[in-house]
Structure formats: structure tokens, C-alpha cells
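In what follows, a single structure is set out as C-alpha cells and then discussed.
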Amino acid sequence: MHRATLIPGDGVGPEVISAATSCIEASGVELEWEVVEIGQRAVEKGRQPLPREAIESIKRTRVALKGPVTTPVAGGFASVNVALRKALGLYAGVRPCKLLPGLPSPFKKVDLVVIRENTEDLYAGIEWAPGEAGWEKVAGTARISGRPALALKSISRAASIRIASFAFEYARKNKRKSVTIGHKANILKKTDGLFLSAARKVAKNYRIRSDDRLVDNLALQLVTNPQELDVLLLPNLYGDILSDLCAGLVGGVGVVPGANIGDRHAIFEPVHGSAPKYAGKNKVNPAAAILSGALLLEHLGEQEAAGRVRRAVASVIKEGRHLTYDIARRKPVGTKEMAAAIVKRIKKL
Ligand code: NAP
């Protein structure tokens with residue numbers, strides 16, 4: 001019997017996470033969930049957006065399945081997703097984007113894995129509004145004229161070496177062909193330059209093909225020649241953006257799972273957000289959450305069950321009879337109906 005933390009999230013989170021737990025149950029793996037709430041759902045109950053017991057639960061179980069959580073735009077509480085990754089040291093974001101037969105794509109074959117540094121870069125969200133405490137000092141030091149809002153981009157050698165080592169180890173263990181480092185070191189010579197030099201240094205320890213591309217060129221290559229690329233190693237912000245782009249190459253965010261991994265803990269969650277307009281409508285694709293569940297099973301050492309869940313998802317997609325609106329080739333079904341078809345298939349395999 002395994003124990004894991006379950007964070008249903010908000011928006012469409014509870015629906016897709018319920019689909020994922022049904023699939024895990026159908027795989028026969030015994031898993032006891034500790035259910036915790038974060039974000040808006042916690043706030044509505046008078047709690048902090050990231051309550052202490054949520055962190056403590058994951059520290060105890062070491063592993064969580066999480067639904068998307070809404071982050072208020074331009075105000076409100078800071079991203080609990082970012083805070084959670086920080087609190088648990090989940091420094092590696094891993095997003096496998098593989099084109100399954102039957103998924104809509106302009107390409108025949110796409111098999112990419114985005115590995116994203118999760119802890120620093122602009123994504124740390126360190127900012128100053130004009131006139132805010134600290135603004136004068138930063139603006140003065142950088143000799144900035146006018147009164148712009150400021151954001152801090154920080155990239156350290158230690159974090160860059162850590163994520164590069166993770167990426168090359170991942171490539172080695174998963175028998176991937178190459179690792180491409182994405183950066184903008186022609187302009188951001190010191191921050192992205194540091195990321196690039198650290199990654200190149202790590203690459204020398206591996207017998208895996210490695211190259212690097214400016215991130216704008218990498219975006220172009222991804223939408224013209226994705227079959228030439230394999231593992232992508234990216235700083236935080238570029239990783240965030242390009243992982244959605246990669247999702248678009250393989251059928252959309254509804255089918256791409258994700259993992260946030262640290263040395264001690266791991267959280268598995270779909271790439272997509274809370275899609276508030278679809279909340280409670282039995283509309284969205286549960287596959288990304290179900291495949292995140294498969295990644296969790298694999299992490300727990302349940303390789304056979306994980307493989308069965310994946311094959312069931314692939315088989316239902318290929319067959320094309322029970323698919324949600326985003327990938328349907330005929331009349332779409334709802335989240336529950338697609339999940340039920342996958343559960344049935346898992347039990348048959
Ligand atoms: P989003 O929730 O991913 O939704 C964007 C669009 O993606 C949706 O309108 C829908 O496209 C499609 N989509 C999302 N999930 C889908 C699914 N399961 N099946 C099929 N299509 C799906 O992105 P967003 O609107 O930018 O973000 C909404 C909120 O989620 C924000 O507060 C954001 O901060 C948060 N968020 C949280 C996480 C996380 O918790 N890890 C990650 C990303 C975003 P169509 O409109 O074309 O149908």
C-alpha cells in the first residue's frame with residue numbers, strides 16, 4: 001500500500017483529478033490519499049493560500065497528484081504553484097510531449113521532453129512597482145531612467161548545474177538521443193550565459209549528443225522541424241512557454257502530463273491550468289491528468305500499472321469513440337465518459 005497526497009485544485013481540477021484517481025484505482029495499485037486543499041479553495045475556508053498542512057502532507061508522503069490551481073492575475077495572492085515548488089525544492093519540471101496515434105497534429109512524429117529549471121529566473125516573480133520599497137535602490141543601482149516596474153532575473157551556477165545534471169541523467173536513463181539547451185545568451189550574456197556554460201560543462205560528462213539554440217530559433221525549429229529535437233533543457237520562463245508550445249504539437253494541453261521533481265519529493269500534475277470557463281461542465285480532456293497519474297505510478301515503482309494506464313489512454317485515443325471536444329474526430333463526449341472508457345480499457349489490458 002502506497003500513501004500519496006491528493007490536491008484536487010480548482011476550476012476543472014477536481015474533475016480531471018477524479019478521472020486520474022479512478023484510473024489509478026482501476027490499475028489495481030493500492031494507494032491511500034491524503035486530500036489537501038490549496039489556493040482559492042483554501043482561502044474560501046479561511047486558510048492561507050498554501051496551508052502548512054499541505055506542505056507537511058507532501059513532506060510526509062513525498063509524492064502528490066495535483067490538479068491545476070488558479071493564480072489571480074495582476075494582484076491577489078502570489079502563485080501557490082511557484083510557492084509549492086519552492087517550499088519542497090522541486091527544481092525540475094518534466095513534461096513529456098509525445099504524439100499518440102489519433103491526436104491532431106501537423107506532424108507525423110513528435111517525441112519531445114521539456115526539462116525546465118523550476119526555481120529561479122524571472123519566474124521567481126521578484127518585482128518592484130515604481131516607488132515601492134526597494135525600487136529606488138534597484139533602479140538607482142541599474143541606472144534606470146523613468147519609473148518603470150522592475151523584475152529580477154536570477155540564474156545561479158548551482159541551480160543550472162543541478163538542472164543540467166538532471167536533464168542529462170534523464171536522457172541517459174530514458175535512452176534519449178540528444179539534449180538541446182535553449183537560451184538567449186547573445187543578449188542576456190550573464191544570466192543565460194551562465195546557464196549555458198553550466199549546461200555545456202555538465203554535457204561533457206555524458207556520451208549524449210548535445211547542442212544549444214537561441215530560444216527564439218528553438219521556437220521556430222519546434223514548429224517547423226520538431227522531429228529533429230529530443231530533450232529540451234530550459235531555464236524557467238522559456239520552459240514554461242515552450243512546454244505549452246510543445247503541447248500544441250501533440251494534441252494540446254489536454255493530453256500532456258507533467259512532473260515537478262526534487263531530491264526528496266515529487267508532484268505530478270497536468271500541464272494545463274484551471275480553465276475556469278469549463279469548471280463543472282464535464283467538458284475538458286482528462287488525459288493529461290490521467291497520464292500525470294501514470295507518471296506518479298512509475299515514480300512509486302509501479303511500472304507495469306503505469307504502462308497499462310498509458311496504453312489504455314493511447315488505445316482510447318486511437319480508437320476515437322470516446323474523446324473530448326479538443327481531440328474528438330467525431331461527436332465529442334464529456335470528461336466523465338472519456339475517463340470511464342479509459343478505466344474500462346485499463347481493466348481489460
Ligand atoms: P488553461 O487553464 O490551461 O486554459 C487555456 C485553454 O487551454 C482553455 O481555454 C482550453 O482551450 C485549453 N484547455 C485547458 N485545459 C484543458 C483540458 N484539460 N482539455 C482540453 N482543453 C484544455 O490556461 P489559462 O486560462 O492561461 O489559465 C487559467 C488559470 O490556471 C490561471 O489562473 C493560471 O494561473 C492557472 N494555471 C495553473 C497551473 C497549475 O496549477 N499548474 C498551470 C497553468 C495555469 P479552449 O478555450 O481552446 O477550449
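Identifiers for the C-alpha cells are assigned positionally: chains receive A, B, ... in sequence, residues are indexed from 1 per chain, and ligands are indexed from 1 in the order shown.
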Site check for ligand 1: residues at most 10 Å away, only C-alpha atoms and all ligand atoms, as a PyMOL selection string: chain A and resi 9-13+15-16+39+66-73+78-82+240+244+248+251-256+258-260+268-279+283-289+324-327+335
Members of segment 6-48 of chain A assigned strand (DSSP E) by DSSP, as a PyMOL selection string: chain A and resi 6-7+31-35
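The smallest atom-to-atom distance between Leu323 of chain A and any of A:Ala341, A:Ala159, A:Leu188, A:Ile7, using only C-alpha atoms, is found for A:Ala341.
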Enumerate as JSON, numbers by chain all residues of segment 73-236 of chain A assigned to helix (DSSP H, G or I) by DSSP on the backbone, naming them with the chain letters and numbers the document uses. {"A": [80, 81, 82, 83, 84, 85, 86, 87, 122, 123, 124, 135, 136, 137, 138, 139, 140, 141, 157, 158, 159, 160, 161, 162, 163, 164, 165, 166, 167, 168, 169, 170, 171, 172, 173, 191, 192, 193, 194, 195, 196, 197, 198, 199, 200, 201, 202, 203, 215, 216, 217, 218, 219, 220, 221, 222, 223, 224, 226, 227, 228, 236]}
What does the structure give for the distance between atom CA of Gly293 of chain A and atom CA of Phe168 of chain A, in Å to one decimal? 23.9 Å
Contacts of Ile38 of chain A at 7 Å (only C-alpha atoms; same-chain gap of 5+ positions) as a VMD selection string: chain A and resid 9 49 to 51
Residues within 10 Å of segment 124-138 of chain A, please, as an MDAnalysis selection string. Count only C-alpha atoms; anything in the same chain fewer than 4 positions from it doesn't count. chainID A and resid 78:79 82:83 86 118:120 142:144 146:154 236:237
Go through A:Glu30, A:Asp212, A:Glu304, A:Glu117 one by one, measure the shortest atom-to-atom distance of each to Ala185 of chain A using only C-alpha atoms, and give the residue with the smallest value. A:Asp212
Could you give me, as a tab-separated table, every segment 140-191 of chain A residue with an atom at most 12 Å from segment 95-104 of chain A, plus its closest atom pair and distance in Å to one decimal, counting only C-alpha atoms, rows ordered by chain then number?
```
residue	atom	partner	partner_atom	distance
A:Ala167	CA	A:Arg95	CA	11.6
A:Tyr170	CA	A:Pro96	CA	11.5
A:Ala171	CA	A:Pro96	CA	11.9
A:Asn174	CA	A:Pro96	CA	11.5
A:Arg176	CA	A:Pro96	CA	11.8
```
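Rounded to one decimal, atom CA of Val114 of chain A and atom CA of Arg85 of chain A lie 16.9 Å from each other.
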Near Glu169 of chain A, within 10 Å and counting only C-alpha atoms, which residues show up once chain neighbours fewer than 6 positions away are dropped, as a VMD selection string? chain A and resid 163 175 206 208
How about saving the chosen residues, N, CA, C and O atoms kept, as an mmCIF file, in the first residue's frame?
```
data_model
loop_
_atom_site.group_PDB
_atom_site.id
_atom_site.type_symbol
_atom_site.label_atom_id
_atom_site.label_comp_id
_atom_site.auth_asym_id
_atom_site.auth_seq_id
_atom_site.Cartn_x
_atom_site.Cartn_y
_atom_site.Cartn_z
ATOM 1 N N ILE A 163 20.041 21.383 -12.619
ATOM 2 C CA ILE A 163 19.016 21.027 -13.615
ATOM 3 C C ILE A 163 19.661 20.381 -14.850
ATOM 4 O O ILE A 163 19.091 19.448 -15.439
ATOM 5 N N LYS A 175 17.209 6.598 -22.391
ATOM 6 C CA LYS A 175 17.773 6.296 -23.715
ATOM 7 C C LYS A 175 17.343 7.307 -24.777
ATOM 8 O O LYS A 175 16.939 6.945 -25.891
ATOM 9 N N TYR A 206 28.770 13.312 -20.260
ATOM 10 C CA TYR A 206 27.832 12.321 -20.806
ATOM 11 C C TYR A 206 28.148 12.026 -22.268
ATOM 12 O O TYR A 206 28.570 12.922 -23.003
ATOM 13 N N ILE A 208 26.109 11.750 -24.645
ATOM 14 C CA ILE A 208 24.810 12.025 -25.275
ATOM 15 C C ILE A 208 24.997 13.269 -26.135
ATOM 16 O O ILE A 208 25.637 14.230 -25.689
#
```
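Candidate residues A:Gly193, A:Val231, A:Gly182, A:Arg213 were compared for distance to Phe166 of chain A, and the nearest is A:Val231, using only C-alpha atoms.
Near Leu88 of chain A, within 8 Å and counting only C-alpha atoms, sit Ile55, Lys59, Leu84, Gly262 and His265 of chain A, not including residues fewer than 4 positions from it in the same chain.
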Export of the given selection (all heavy atoms) as a PDB file, in the first residue's frame:
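Writing done, so here's selection-v4.pdb:
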```pdb
ATOM      1  N   ILE A  55       1.889  21.371   2.825  1.00  0.00           N
ATOM      2  CA  ILE A  55       3.336  21.113   2.705  1.00  0.00           C
ATOM      3  C   ILE A  55       3.708  19.908   3.573  1.00  0.00           C
ATOM      4  O   ILE A  55       4.452  19.021   3.137  1.00  0.00           O
ATOM      5  CB  ILE A  55       4.142  22.346   3.208  1.00  0.00           C
ATOM      6  CG1 ILE A  55       3.721  23.607   2.479  1.00  0.00           C
ATOM      7  CG2 ILE A  55       5.634  22.098   3.135  1.00  0.00           C
ATOM      8  CD1 ILE A  55       4.419  23.865   1.206  1.00  0.00           C
ATOM      9  N   LYS A  59       5.489  16.455   2.562  1.00  0.00           N
ATOM     10  CA  LYS A  59       6.774  16.080   3.183  1.00  0.00           C
ATOM     11  C   LYS A  59       6.673  14.668   3.756  1.00  0.00           C
ATOM     12  O   LYS A  59       7.637  13.912   3.739  1.00  0.00           O
ATOM     13  CB  LYS A  59       7.144  17.085   4.274  1.00  0.00           C
ATOM     14  CG  LYS A  59       7.705  18.367   3.681  1.00  0.00           C
ATOM     15  CD  LYS A  59       8.338  19.231   4.718  1.00  0.00           C
ATOM     16  CE  LYS A  59       9.087  20.376   4.045  1.00  0.00           C
ATOM     17  NZ  LYS A  59       9.349  21.480   4.947  1.00  0.00           N
ATOM     18  N   LEU A  84       4.812  26.306  -3.828  1.00  0.00           N
ATOM     19  CA  LEU A  84       4.889  24.872  -3.515  1.00  0.00           C
ATOM     20  C   LEU A  84       6.194  24.266  -4.043  1.00  0.00           C
ATOM     21  O   LEU A  84       6.891  23.529  -3.351  1.00  0.00           O
ATOM     22  CB  LEU A  84       3.680  24.193  -4.175  1.00  0.00           C
ATOM     23  CG  LEU A  84       3.198  22.856  -3.665  1.00  0.00           C
ATOM     24  CD1 LEU A  84       2.949  22.894  -2.176  1.00  0.00           C
ATOM     25  CD2 LEU A  84       1.904  22.471  -4.385  1.00  0.00           C
ATOM     26  N   GLY A 262      12.025  16.953  -7.088  1.00  0.00           N
ATOM     27  CA  GLY A 262      13.160  17.407  -6.294  1.00  0.00           C
ATOM     28  C   GLY A 262      13.923  16.195  -5.793  1.00  0.00           C
ATOM     29  O   GLY A 262      13.628  15.063  -6.179  1.00  0.00           O
ATOM     30  N   HIS A 265      11.067  15.001  -2.908  1.00  0.00           N
ATOM     31  CA  HIS A 265       9.631  14.984  -3.144  1.00  0.00           C
ATOM     32  C   HIS A 265       9.315  15.150  -4.626  1.00  0.00           C
ATOM     33  O   HIS A 265      10.156  15.645  -5.379  1.00  0.00           O
ATOM     34  CB  HIS A 265       8.954  16.128  -2.372  1.00  0.00           C
ATOM     35  CG  HIS A 265       9.370  16.201  -0.950  1.00  0.00           C
ATOM     36  ND1 HIS A 265      10.316  17.088  -0.494  1.00  0.00           N
ATOM     37  CD2 HIS A 265       8.982  15.482   0.115  1.00  0.00           C
ATOM     38  CE1 HIS A 265      10.499  16.911   0.794  1.00  0.00           C
ATOM     39  NE2 HIS A 265       9.705  15.938   1.190  1.00  0.00           N
TER      40      HIS A 265
END
```
Can you tell me which residues surround Pro235 of chain A at a distance of at most 6 Å, considering only C-alpha atoms, apart from same-chain residues fewer than 2 positions away, and format the answer as a short mmCIF file (atom, residue, chain, number, x, y, z; two decimals) with C-alpha atoms, in the first residue's frame?
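Below is the file that was written, selection38.cif:
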```cif
data_model
loop_
_atom_site.label_atom_id
_atom_site.label_comp_id
_atom_site.auth_asym_id
_atom_site.auth_seq_id
_atom_site.Cartn_x
_atom_site.Cartn_y
_atom_site.Cartn_z
CA ARG A 116 12.61 23.13 -17.12
CA GLU A 117 14.53 24.71 -14.24
CA TYR A 238 11.36 29.74 -21.56
CA GLY A 239 10.49 26.27 -20.24
#
```
Nearest to Arg162 of chain A, restricted to only C-alpha atoms and choosing among A:Ala20, A:Leu233, A:Ile267, A:Leu220, comes out as A:Leu233
Option closest in space to Leu297 of chain A, from A:Ser197, A:Asp111, A:His322, A:Ala266 [counting only C-alpha atoms]: A:Ala266
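Atom pair atom CA of Ala64 of chain A / atom CA of Met338 of chain A has a distance of 23.3 Å (rounded to one decimal).
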